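S.K.: I'm passing along input11.txt; it holds compact mmCIF, C-alpha atoms and all ligand atoms.
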```txt
# COMPACT_ATOMS: atom_id res chain seq x y z
CA MET A 1 8.71 -5.99 36.27
CA GLN A 2 8.33 -2.80 34.28
CA PHE A 3 7.66 -2.55 30.57
CA ARG A 4 10.45 0.00 30.08
CA ASP A 5 12.26 0.66 33.35
CA LEU A 6 13.27 4.33 33.24
CA GLN A 7 13.93 4.46 36.95
CA ARG A 8 16.60 1.79 36.65
CA GLN A 9 18.24 3.84 33.93
CA TYR A 10 18.17 6.93 36.16
CA LEU A 11 19.79 5.03 39.03
CA ALA A 12 22.56 3.82 36.72
CA LEU A 13 23.28 7.36 35.50
CA LYS A 14 22.26 9.17 38.71
CA GLU A 15 25.50 10.94 39.50
CA GLU A 16 25.89 12.53 36.08
CA ILE A 17 22.19 13.31 35.66
CA ASP A 18 21.96 14.95 39.08
CA HIS A 19 25.00 17.01 38.23
CA ALA A 20 23.44 18.09 34.92
CA LEU A 21 20.16 19.02 36.63
CA CYS A 22 21.80 21.03 39.41
CA ALA A 23 24.25 22.76 37.10
CA THR A 24 21.38 23.90 34.87
CA ALA A 25 19.37 25.12 37.87
CA ALA A 26 22.38 27.01 39.19
CA SER A 27 23.24 28.55 35.80
CA GLY A 28 20.15 30.76 35.78
CA ARG A 29 19.85 30.08 32.03
CA TYR A 30 16.85 27.92 31.19
CA ILE A 31 16.12 28.60 27.53
CA MET A 32 18.57 27.55 24.77
CA GLY A 33 22.23 28.22 25.61
CA ASN A 34 25.32 26.02 25.42
CA ALA A 35 23.71 22.73 26.41
CA VAL A 36 21.25 22.95 23.50
CA ALA A 37 23.92 24.03 21.00
CA SER A 38 26.41 21.34 21.96
CA LEU A 39 23.74 18.63 22.10
CA GLU A 40 22.71 19.57 18.54
CA GLU A 41 26.32 19.21 17.40
CA GLU A 42 26.70 15.85 19.13
CA LEU A 43 23.43 14.55 17.66
CA ALA A 44 24.32 15.71 14.14
CA ARG A 45 27.74 14.08 14.40
CA TYR A 46 26.34 10.78 15.70
CA VAL A 47 23.61 10.60 13.07
CA GLY A 48 25.97 11.74 10.32
CA VAL A 49 24.09 14.77 8.97
CA ARG A 50 25.10 18.41 8.66
CA HIS A 51 22.33 19.96 10.78
CA CYS A 52 20.38 19.00 13.88
CA ILE A 53 17.78 21.43 15.17
CA THR A 54 16.18 20.44 18.47
CA CYS A 55 12.59 21.35 19.29
CA ALA A 56 9.82 20.80 21.84
CA ASN A 57 8.69 17.28 20.83
CA GLY A 58 8.62 14.76 17.99
CA THR A 59 5.26 15.97 16.73
CA ASP A 60 6.53 19.54 16.35
CA ALA A 61 9.62 18.14 14.63
CA LEU A 62 7.33 16.70 11.93
CA THR A 63 5.34 19.94 11.74
CA LEU A 64 8.56 21.93 11.32
CA ALA A 65 9.58 19.58 8.50
CA LEU A 66 6.23 19.94 6.68
CA LYS A 67 6.19 23.73 7.06
CA THR A 68 9.76 23.96 5.78
CA LEU A 69 8.81 21.93 2.70
CA ASN A 70 5.73 24.14 2.17
CA ILE A 71 3.31 21.26 2.37
CA GLY A 72 -0.31 22.32 2.81
CA ALA A 73 -3.80 22.40 1.30
CA GLY A 74 -4.21 20.32 -1.84
CA ASP A 75 -1.13 18.20 -1.13
CA ALA A 76 -1.12 14.43 -0.65
CA VAL A 77 1.34 13.02 1.90
CA PHE A 78 1.78 9.24 2.01
CA VAL A 79 1.97 7.74 5.50
CA PRO A 80 1.96 4.18 6.85
CA ASP A 81 -1.42 3.12 8.24
CA PHE A 82 0.25 1.34 11.17
CA THR A 83 2.05 3.91 13.31
CA PHE A 84 1.53 6.40 16.11
CA PHE A 85 -1.21 8.95 15.39
CA ALA A 86 1.14 11.96 15.17
CA THR A 87 2.65 10.81 11.84
CA ALA A 88 -0.63 11.59 10.05
CA GLU A 89 -2.00 14.17 12.49
CA VAL A 90 0.66 16.72 11.51
CA VAL A 91 -0.22 16.29 7.82
CA ALA A 92 -3.88 17.11 8.48
CA LEU A 93 -2.91 19.96 10.80
CA GLU A 94 -1.03 21.61 7.92
CA GLY A 95 -4.16 21.32 5.77
CA ALA A 96 -2.69 18.56 3.58
CA THR A 97 -4.26 15.11 3.13
CA PRO A 98 -2.71 11.98 4.65
CA ILE A 99 -2.90 8.99 2.29
CA PHE A 100 -2.84 5.77 4.28
CA VAL A 101 -0.49 3.12 2.91
CA ASP A 102 -0.23 -0.53 3.94
CA VAL A 103 2.80 -1.96 5.75
CA CYS A 104 4.97 -5.09 5.49
CA GLU A 105 3.83 -7.91 7.75
CA ASP A 106 7.32 -8.86 8.96
CA THR A 107 8.98 -5.43 9.46
CA PHE A 108 5.84 -3.41 10.36
CA ASN A 109 7.14 -0.62 8.08
CA ILE A 110 5.55 1.08 5.05
CA SER A 111 5.32 -1.24 2.04
CA ALA A 112 6.95 -0.11 -1.22
CA THR A 113 4.35 -2.05 -3.25
CA SER A 114 1.43 -0.50 -1.42
CA LEU A 115 3.04 2.94 -1.73
CA GLU A 116 3.19 2.60 -5.53
CA GLU A 117 -0.46 1.58 -5.53
CA ALA A 118 -1.45 4.59 -3.40
CA ILE A 119 0.52 7.05 -5.55
CA LYS A 120 -1.17 5.66 -8.67
CA ALA A 121 -4.63 5.99 -7.07
CA VAL A 122 -4.02 9.64 -6.13
CA GLU A 123 -2.57 10.45 -9.56
CA GLN A 124 -5.48 8.80 -11.35
CA GLU A 125 -8.03 10.78 -9.37
CA GLY A 126 -6.16 13.98 -10.21
CA VAL A 127 -7.46 16.07 -7.30
CA LEU A 128 -4.50 16.18 -4.90
CA SER A 129 -0.85 16.82 -5.74
CA PRO A 130 1.38 13.99 -4.50
CA ARG A 131 4.09 15.85 -2.56
CA ALA A 132 5.77 13.74 0.10
CA ILE A 133 6.27 10.42 1.81
CA ILE A 134 6.66 10.10 5.56
CA ALA A 135 8.29 6.75 6.32
CA VAL A 136 8.35 5.64 9.95
CA ASP A 137 11.11 3.56 11.58
CA LEU A 138 8.59 1.58 13.57
CA PHE A 139 9.68 -0.13 16.80
CA GLY A 140 13.30 0.95 16.18
CA GLN A 141 13.83 -0.52 12.74
CA PRO A 142 14.60 1.66 9.74
CA ALA A 143 12.11 1.47 6.87
CA ASP A 144 13.23 0.12 3.48
CA TYR A 145 14.92 3.36 2.41
CA PRO A 146 16.69 2.01 -0.68
CA ALA A 147 13.36 0.96 -2.25
CA LEU A 148 11.39 3.92 -0.91
CA SER A 149 13.88 6.58 -2.05
CA GLU A 150 13.82 5.14 -5.54
CA ILE A 151 10.02 5.52 -5.59
CA ALA A 152 10.28 9.05 -4.19
CA ARG A 153 12.77 10.03 -6.90
CA ARG A 154 10.72 8.52 -9.68
CA HIS A 155 7.56 10.36 -8.57
CA LYS A 156 9.39 13.58 -7.54
CA LEU A 157 8.20 13.28 -3.96
CA LEU A 158 9.90 14.79 -0.93
CA PHE A 159 10.95 12.27 1.66
CA ILE A 160 10.57 12.67 5.42
CA GLU A 161 11.88 10.05 7.85
CA ASP A 162 9.83 9.90 11.06
CA GLY A 163 12.57 8.47 13.26
CA ALA A 164 10.71 9.08 16.55
CA GLN A 165 11.21 5.40 17.43
CA GLY A 166 14.19 4.84 15.19
CA PHE A 167 17.10 6.71 16.76
CA GLY A 168 20.09 4.37 16.79
CA GLY A 169 18.86 2.12 13.97
CA THR A 170 21.08 1.45 10.95
CA ILE A 171 21.14 0.30 7.36
CA GLY A 172 24.70 -0.77 6.63
CA LYS A 173 26.85 1.95 8.14
CA GLN A 174 24.23 4.67 7.77
CA ARG A 175 22.30 5.74 10.85
CA ALA A 176 18.61 6.42 11.28
CA CYS A 177 17.55 10.08 11.14
CA SER A 178 19.79 10.57 8.11
CA PHE A 179 17.64 8.81 5.50
CA GLY A 180 15.10 11.41 4.45
CA ASP A 181 15.42 14.84 2.85
CA ILE A 182 14.47 15.82 6.37
CA ALA A 183 14.33 13.39 9.31
CA THR A 184 12.78 13.84 12.73
CA THR A 185 12.97 12.19 16.12
CA SER A 186 11.36 12.35 19.56
CA PHE A 187 12.94 12.40 23.01
CA PHE A 188 9.71 11.37 24.78
CA PRO A 189 10.94 9.39 27.83
CA ALA A 190 10.11 5.92 26.49
CA LYS A 191 11.75 6.38 23.06
CA PRO A 192 15.19 4.87 22.36
CA LEU A 193 16.82 8.16 23.40
CA GLY A 194 14.49 9.84 25.87
CA CYS A 195 14.63 12.90 28.13
CA TYR A 196 12.66 13.68 31.30
CA GLY A 197 9.71 15.28 29.60
CA ASP A 198 9.04 16.23 25.98
CA GLY A 199 11.70 16.89 23.37
CA GLY A 200 12.41 16.36 19.69
CA ALA A 201 14.80 17.12 16.84
CA VAL A 202 14.93 17.68 13.10
CA PHE A 203 17.87 16.55 10.94
CA THR A 204 18.85 17.64 7.45
CA ASN A 205 21.85 18.12 5.17
CA ASN A 206 20.21 21.09 3.44
CA ASN A 207 21.62 24.43 4.70
CA GLN A 208 18.67 26.52 3.61
CA TRP A 209 16.08 24.20 5.15
CA ALA A 210 18.09 24.12 8.38
CA GLU A 211 17.95 27.89 8.56
CA THR A 212 14.19 27.86 7.96
CA ILE A 213 13.68 25.23 10.68
CA ARG A 214 15.74 27.31 13.13
CA SER A 215 13.56 30.30 12.33
CA LEU A 216 10.26 28.39 12.50
CA ARG A 217 10.95 26.97 15.97
CA LEU A 218 11.35 30.56 17.26
CA HIS A 219 8.14 32.18 16.00
CA GLY A 220 9.54 32.53 12.48
CA ARG A 221 12.30 34.74 13.74
CA GLY A 222 14.61 36.68 11.38
CA VAL A 223 18.12 37.78 12.25
CA GLU A 224 17.12 39.82 15.27
CA LYS A 225 14.77 38.96 18.07
CA TYR A 226 11.73 41.07 17.21
CA ASP A 227 11.94 40.56 13.48
CA ASN A 228 9.41 37.88 12.48
CA GLN A 229 9.66 36.73 8.90
CA ARG A 230 7.22 33.84 8.83
CA ILE A 231 4.49 32.26 10.95
CA GLY A 232 6.21 29.73 13.17
CA LEU A 233 5.94 27.95 16.50
CA ASN A 234 7.29 28.26 19.99
CA SER A 235 9.08 24.94 19.89
CA ARG A 236 12.39 24.96 21.73
CA LEU A 237 13.99 22.08 23.61
CA ASP A 238 14.34 23.10 27.28
CA THR A 239 17.91 23.68 28.41
CA ILE A 240 17.40 21.23 31.26
CA GLN A 241 16.28 18.50 28.83
CA ALA A 242 19.31 19.17 26.64
CA ALA A 243 21.58 18.76 29.68
CA ILE A 244 19.91 15.44 30.54
CA LEU A 245 20.14 14.29 26.92
CA GLN A 246 23.87 14.97 26.81
CA VAL A 247 24.34 12.46 29.62
CA LYS A 248 21.89 9.98 28.09
CA LEU A 249 23.37 10.23 24.58
CA LYS A 250 26.75 9.30 25.99
CA ALA A 251 25.30 6.22 27.72
CA PHE A 252 23.29 5.40 24.59
CA ILE A 253 26.45 5.40 22.45
CA GLN A 254 28.68 3.72 25.04
CA HIS A 255 26.50 0.75 25.97
CA GLU A 256 22.71 1.15 25.89
CA LEU A 257 22.31 0.42 22.20
CA THR A 258 24.41 -2.75 22.35
CA ASP A 259 22.77 -3.77 25.65
CA ILE A 260 19.28 -3.58 24.17
CA GLN A 261 20.45 -5.46 21.07
CA THR A 262 21.77 -8.20 23.33
CA ALA A 263 18.42 -8.30 25.13
CA ALA A 264 16.56 -8.63 21.81
CA GLU A 265 18.85 -11.43 20.63
CA ARG A 266 18.29 -13.23 23.91
CA TYR A 267 14.52 -13.05 23.45
CA SER A 268 14.82 -14.26 19.88
CA SER A 269 16.91 -17.28 20.80
CA LEU A 270 14.59 -18.23 23.68
CA LEU A 271 11.37 -17.78 21.71
CA LYS A 272 12.37 -19.05 18.28
CA ASP A 273 10.94 -22.55 18.55
CA ILE A 274 7.43 -21.71 19.72
CA ASP A 275 4.82 -22.59 17.12
CA GLY A 276 2.31 -19.82 16.70
CA ILE A 277 4.63 -16.91 17.42
CA ALA A 278 6.44 -14.89 14.75
CA LEU A 279 9.45 -12.96 16.02
CA PRO A 280 10.48 -9.50 14.86
CA ASN A 281 12.42 -9.77 11.62
CA VAL A 282 15.44 -7.52 11.15
CA PRO A 283 16.50 -7.92 7.50
CA GLU A 284 20.14 -8.56 6.59
CA GLY A 285 22.19 -5.38 6.79
CA TYR A 286 19.68 -3.63 9.07
CA GLY A 287 20.11 -2.75 12.74
CA SER A 288 17.20 -2.00 15.08
CA SER A 289 17.37 0.17 18.19
CA TRP A 290 14.50 -1.90 19.62
CA ALA A 291 12.04 0.78 20.69
CA GLN A 292 9.79 -2.30 21.01
CA TYR A 293 10.19 -6.05 20.83
CA THR A 294 6.97 -7.03 19.09
CA LEU A 295 5.60 -10.53 18.60
CA ARG A 296 3.00 -11.55 16.05
CA LEU A 297 0.43 -14.15 17.06
CA GLU A 298 -1.79 -16.16 14.73
CA SER A 299 -5.10 -14.69 15.84
CA GLU A 300 -6.64 -12.05 18.03
CA THR A 301 -7.78 -14.72 20.49
CA GLN A 302 -4.24 -16.09 20.82
CA ARG A 303 -2.84 -12.60 21.25
CA ASP A 304 -5.36 -11.67 23.91
CA THR A 305 -4.86 -14.98 25.74
CA LEU A 306 -1.10 -14.47 25.83
CA LYS A 307 -1.57 -10.92 27.10
CA GLU A 308 -3.87 -12.16 29.88
CA ASN A 309 -1.51 -14.98 30.86
CA LEU A 310 1.40 -12.55 31.07
CA ALA A 311 -0.69 -10.14 33.15
CA LYS A 312 -1.48 -12.99 35.58
CA ALA A 313 2.27 -13.48 36.00
CA GLU A 314 2.62 -9.70 36.52
CA ILE A 315 4.43 -9.20 33.26
CA PRO A 316 3.32 -6.07 31.43
CA SER A 317 2.74 -6.17 27.68
CA MET A 318 1.37 -3.59 25.28
CA ILE A 319 -0.60 -3.56 22.04
CA TYR A 320 1.10 -1.13 19.66
CA TYR A 321 -1.23 -0.32 17.93
CA PRO A 322 -4.79 -1.46 18.60
CA ARG A 323 -6.16 0.59 15.67
CA THR A 324 -4.93 1.61 12.24
CA LEU A 325 -4.80 5.33 11.47
CA SER A 326 -7.48 4.94 8.81
CA GLU A 327 -9.81 3.51 11.48
CA GLN A 328 -9.34 6.49 13.80
CA THR A 329 -12.44 8.59 14.39
CA ALA A 330 -10.39 11.70 13.66
CA PHE A 331 -9.85 10.42 10.11
CA ALA A 332 -13.41 9.17 9.55
CA LYS A 333 -13.95 11.79 6.82
CA THR A 334 -10.53 11.36 5.20
CA LYS A 335 -10.72 9.48 1.90
CA LYS A 336 -9.10 6.03 1.89
CA TYR A 337 -7.45 5.56 -1.50
CA ILE A 338 -6.39 1.95 -1.08
CA THR A 339 -7.07 -0.89 1.37
CA THR A 340 -4.56 -1.74 4.11
CA PRO A 341 -5.27 -5.37 5.07
CA THR A 342 -1.86 -6.04 6.64
CA ALA A 343 -2.09 -3.02 8.93
CA HIS A 344 -5.53 -4.20 10.01
CA ARG A 345 -4.34 -7.74 10.68
CA LEU A 346 -1.41 -6.45 12.75
CA THR A 347 -3.71 -4.47 15.06
CA LYS A 348 -5.29 -7.82 15.98
CA THR A 349 -2.15 -9.93 16.28
CA VAL A 350 0.76 -7.87 17.68
CA LEU A 351 2.00 -7.86 21.25
CA SER A 352 5.03 -5.95 22.57
CA ILE A 353 6.88 -7.37 25.57
CA PRO A 354 9.19 -5.67 28.11
CA ILE A 355 12.52 -4.51 26.73
CA HIS A 356 15.01 -1.77 27.64
CA PRO A 357 18.79 -1.51 27.97
CA TYR A 358 18.69 -2.26 31.69
CA ILE A 359 16.53 -5.40 31.58
CA LYS A 360 18.27 -8.34 33.29
CA LYS A 361 19.01 -11.68 31.71
CA GLU A 362 16.84 -13.39 34.38
CA GLU A 363 13.94 -11.08 33.57
CA ILE A 364 14.14 -11.95 29.88
CA GLU A 365 14.24 -15.64 30.81
CA GLU A 366 11.20 -15.22 33.05
CA VAL A 367 9.20 -13.47 30.31
CA ALA A 368 10.23 -16.13 27.77
CA GLU A 369 9.29 -18.93 30.14
CA LYS A 370 5.86 -17.43 30.83
CA ILE A 371 5.28 -17.09 27.09
CA GLN A 372 6.31 -20.71 26.56
CA ARG A 373 3.95 -21.83 29.33
CA SER A 374 1.11 -19.88 27.84
CA PHE A 375 1.53 -22.03 24.71
CA HIS A 376 2.33 -25.33 26.41
CA PRO A 377 0.59 -25.24 29.82
CA ALA A 378 1.67 -28.83 30.54
CA VAL A 379 5.42 -28.16 30.33
C1 LIG B 401 6.28 9.26 19.60
C2 LIG B 401 6.07 9.41 18.15
C3 LIG B 401 5.84 10.66 17.55
C4 LIG B 401 5.61 11.91 18.34
O1 LIG B 401 6.60 12.25 19.24
P1 LIG B 401 6.24 13.17 20.51
O2 LIG B 401 7.57 13.57 21.03
O3 LIG B 401 5.45 12.35 21.46
O4 LIG B 401 5.46 14.35 20.01
C5 LIG B 401 5.74 10.72 16.17
N1 LIG B 401 5.86 9.62 15.42
C6 LIG B 401 6.05 8.40 15.95
C7 LIG B 401 6.19 7.22 15.06
C8 LIG B 401 6.15 8.25 17.34
O5 LIG B 401 6.34 7.03 17.86
```
Transcribe the structure of this file into structure tokens.
Ligand SMILES: *Cc1c(COP(=O)(O)O)cnc(C)c1O

M.R.:
Amino acid sequence: MQFRDLQRQYLALKEEIDHALCATAASGRYIMGNAVASLEEELARYVGVRHCITCANGTDALTLALKTLNIGAGDAVFVPDFTFFATAEVVALEGATPIFVDVCEDTFNISATSLEEAIKAVEQEGVLSPRAIIAVDLFGQPADYPALSEIARRHKLLFIEDGAQGFGGTIGKQRACSFGDIATTSFFPAKPLGCYGDGGAVFTNNNQWAETIRSLRLHGRGVEKYDNQRIGLNSRLDTIQAAILQVKLKAFIQHELTDIQTAAERYSSLLKDIDGIALPNVPEGYGSSWAQYTLRLESETQRDTLKENLAKAEIPSMIYYPRTLSEQTAFAKTKKYITTPTAHRLTKTVLSIPIHPYIKKEEIEEVAEKIQRSFHPAV
């Protein structure tokens, strides 16, 4: 069994993907072009925002957002302490300071209460200017945007949605990657919508920002090719990746998202009665795109025992994430304004189990049975 079976997805979509690959090879056009332009339109339409600008990866997407919002030295940017490294890395790379904020135990996403505490701590110190929040849609589930946007408005903070894992998630009828002033996503192969290499995108309703992002991804280009108006990046999405993504987006919309939701519901109904395991909690009105299906155990020992027992049965599982950002060596010298006990506890207790749109019912049952056995060896 694979943790996220990308080969099975390829085999299901083989005919169309092969056609897209060959057509791109035969076109002789490998940078930008129609595939990129039409993919951007399709993505913007699906997400429900005015502009989508694709780029080389999800990390660059965040960098493009920060550069567009002129965030740099002396600025404080609030990030969850429990996420992939890139969320805070890009802040430091722009010369700004990431402020690590605690998360909610049951949704894994940035906590509104802890955010208020962190903003207050930075304001009281009076050294950095609070400028922006980056909320992450961890494991496929949108953060608490209603509460977070209210805090952002009250403190005049810009709001970036890191939807690298969140593509396809919803709050009510509104889709992920439409919640921030600027939102970003990643098309890394294992993300909810993945390509066959690196890729990313930026989303916004703001016309002027969209123009700046388009310029920044092409070396800060002006209207003509050798007119450079700002310092930018070389961060285009390859034409061949755009062609693959057009096929995958169609499958994602047609059935993959509902298939993975069915898989998650199946896990939840099979695992719900096991004492000692907390299941992922999707609040009322929210929809997850299930980048991960993540269990919480009661202790590190229990988590590690379950992981070992699954490994013995040849079932892969992953610890996302074994370390908080504030514990990372790279941030050893970055000031910690508040404590993040929940993020720390989660690094010791979480375990993600295999899930993807092509996982079979029998595979889910096998994983669930092995988990049950790990808790009740006698059964
Ligand atoms: C994957 C990921 C990124 C970075 O995306 P890449 O395409 O790998 O650069 C950023 N933030 C989060 C939360 C991610 O999971």

S.K.: Point out the residue among A:Gly194, A:Gly172, A:Pro283, A:Pro354 with the least atom-to-atom distance to ligand LIG 401 (chain B), counting only C-alpha atoms and all ligand atoms.

M.R.: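 Closest residue, counting only C-alpha atoms and all ligand atoms: A:Gly194.
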
S.K.: If we count all atoms listed in the file and set the cut-off at 7 Å, which residues sit around range 126-134 of chain A, ignoring sequence neighbours fewer than 6 positions away in its own chain? Please answer as a short mmCIF file (atom, residue, chain, number, x, y, z; two decimals) with C-alpha atoms, in the coordinates of the input.

M.R.:
```cif
data_model
loop_
_atom_site.label_atom_id
_atom_site.label_comp_id
_atom_site.auth_asym_id
_atom_site.auth_seq_id
_atom_site.Cartn_x
_atom_site.Cartn_y
_atom_site.Cartn_z
CA GLY A 74 -4.21 20.32 -1.84
CA ASP A 75 -1.13 18.20 -1.13
CA ALA A 76 -1.12 14.43 -0.65
CA VAL A 77 1.34 13.02 1.90
CA PHE A 78 1.78 9.24 2.01
CA VAL A 79 1.97 7.74 5.50
CA LEU A 157 8.20 13.28 -3.96
CA LEU A 158 9.90 14.79 -0.93
CA PHE A 159 10.95 12.27 1.66
CA ILE A 160 10.57 12.67 5.42
CA GLU A 161 11.88 10.05 7.85
CA ASP A 162 9.83 9.90 11.06
#
```

S.K.: Once you count only C-alpha atoms, what closest atom pair and distance in Å to one decimal does each residue of range 239-263 of chain A within 12 Å of range 24-36 of chain A have, with rows by chain and rising residue number, as JSON lines?

M.R.:
```
{"residue": "A:Thr239", "atom": "CA", "partner": "A:Tyr30", "partner_atom": "CA", "distance": 5.2}
{"residue": "A:Ile240", "atom": "CA", "partner": "A:Thr24", "partner_atom": "CA", "distance": 6.0}
{"residue": "A:Gln241", "atom": "CA", "partner": "A:Val36", "partner_atom": "CA", "distance": 8.5}
{"residue": "A:Ala242", "atom": "CA", "partner": "A:Val36", "partner_atom": "CA", "distance": 5.3}
{"residue": "A:Ala243", "atom": "CA", "partner": "A:Ala35", "partner_atom": "CA", "distance": 5.6}
{"residue": "A:Ile244", "atom": "CA", "partner": "A:Ala35", "partner_atom": "CA", "distance": 9.2}
{"residue": "A:Leu245", "atom": "CA", "partner": "A:Ala35", "partner_atom": "CA", "distance": 9.2}
{"residue": "A:Gln246", "atom": "CA", "partner": "A:Ala35", "partner_atom": "CA", "distance": 7.8}
{"residue": "A:Val247", "atom": "CA", "partner": "A:Ala35", "partner_atom": "CA", "distance": 10.8}
```

S.K.: Report as a Markdown table the residues of chain A within 6 Å of ligand LIG 401 (chain B), each with its shortest atom pair and distance in Å (one decimal), using all atoms listed in the file, ordered by chain and increasing residue number.

M.R.:
```
| residue | atom | partner | partner_atom | distance |
| --- | --- | --- | --- | --- |
| A:Asn57 | CA | B:LIG401 | O2 | 3.9 |
| A:Gly58 | CA | B:LIG401 | O2 | 3.4 |
| A:Thr59 | CA | B:LIG401 | O4 | 3.7 |
| A:Thr83 | CA | B:LIG401 | C7 | 5.6 |
| A:Phe84 | CA | B:LIG401 | C7 | 4.8 |
| A:Ala86 | CA | B:LIG401 | C5 | 4.9 |
| A:Thr87 | CA | B:LIG401 | N1 | 5.0 |
| A:Val136 | CA | B:LIG401 | C7 | 5.8 |
| A:Asp162 | CA | B:LIG401 | N1 | 5.9 |
| A:Ala164 | CA | B:LIG401 | C8 | 4.7 |
| A:Gln165 | CA | B:LIG401 | O5 | 5.2 |
| A:Ser186 | CA | B:LIG401 | O2 | 4.2 |
| A:Phe187 | CA | B:LIG401 | O2 | 5.8 |
| A:Phe188 | CA | B:LIG401 | O2 | 4.8 |
| A:Asp198 | CA | B:LIG401 | O2 | 5.8 |
| A:Gly199 | CA | B:LIG401 | O2 | 5.8 |
| A:Gly200 | CA | B:LIG401 | O2 | 5.7 |
```

S.K.: Using all atoms listed in the file, which protein or nucleic acid residues come within 12 Å of Lys361 in chain A? Drop anything in the same chain fewer than 6 positions from it, and give the result as a ChimeraX atom specification.

M.R.: /A:259-260,262-267,270,355,367-368

S.K.: Sorted by chain and rising residue number, which residues of range 96-186 of chain A lie within 12 Å of range 318-331 of chain A, and what are their closest atom pairs and distances in Å to one decimal, counting only C-alpha atoms, as JSON lines?

M.R.:
```
{"residue": "A:Thr97", "atom": "CA", "partner": "A:Phe331", "partner_atom": "CA", "distance": 10.1}
{"residue": "A:Pro98", "atom": "CA", "partner": "A:Phe331", "partner_atom": "CA", "distance": 9.1}
{"residue": "A:Ile99", "atom": "CA", "partner": "A:Ser326", "partner_atom": "CA", "distance": 8.9}
{"residue": "A:Phe100", "atom": "CA", "partner": "A:Ser326", "partner_atom": "CA", "distance": 6.5}
{"residue": "A:Val101", "atom": "CA", "partner": "A:Ser326", "partner_atom": "CA", "distance": 9.3}
{"residue": "A:Asp102", "atom": "CA", "partner": "A:Thr324", "partner_atom": "CA", "distance": 9.8}
{"residue": "A:Val103", "atom": "CA", "partner": "A:Thr324", "partner_atom": "CA", "distance": 10.7}
{"residue": "A:Phe108", "atom": "CA", "partner": "A:Tyr320", "partner_atom": "CA", "distance": 10.7}
{"residue": "A:Leu138", "atom": "CA", "partner": "A:Tyr320", "partner_atom": "CA", "distance": 10.0}
{"residue": "A:Phe139", "atom": "CA", "partner": "A:Tyr320", "partner_atom": "CA", "distance": 9.1}
```

S.K.: So that I can see what lies close to Arg230 in chain A, please list as a ChimeraX atom specification the residues with an atom at most 8 Å from it, counting all atoms listed in the file and leaving out residues fewer than 4 positions away in the same chain.

M.R.: /A:216,219-221

S.K.: As an exercise, work out the distance from CA of Val47 in chain A to CA of Gly163 in chain A in Å and give it to one decimal place.

M.R.: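 Atom-to-atom, CA of Val47 in chain A to CA of Gly163 in chain A, that is 11.2 Å.
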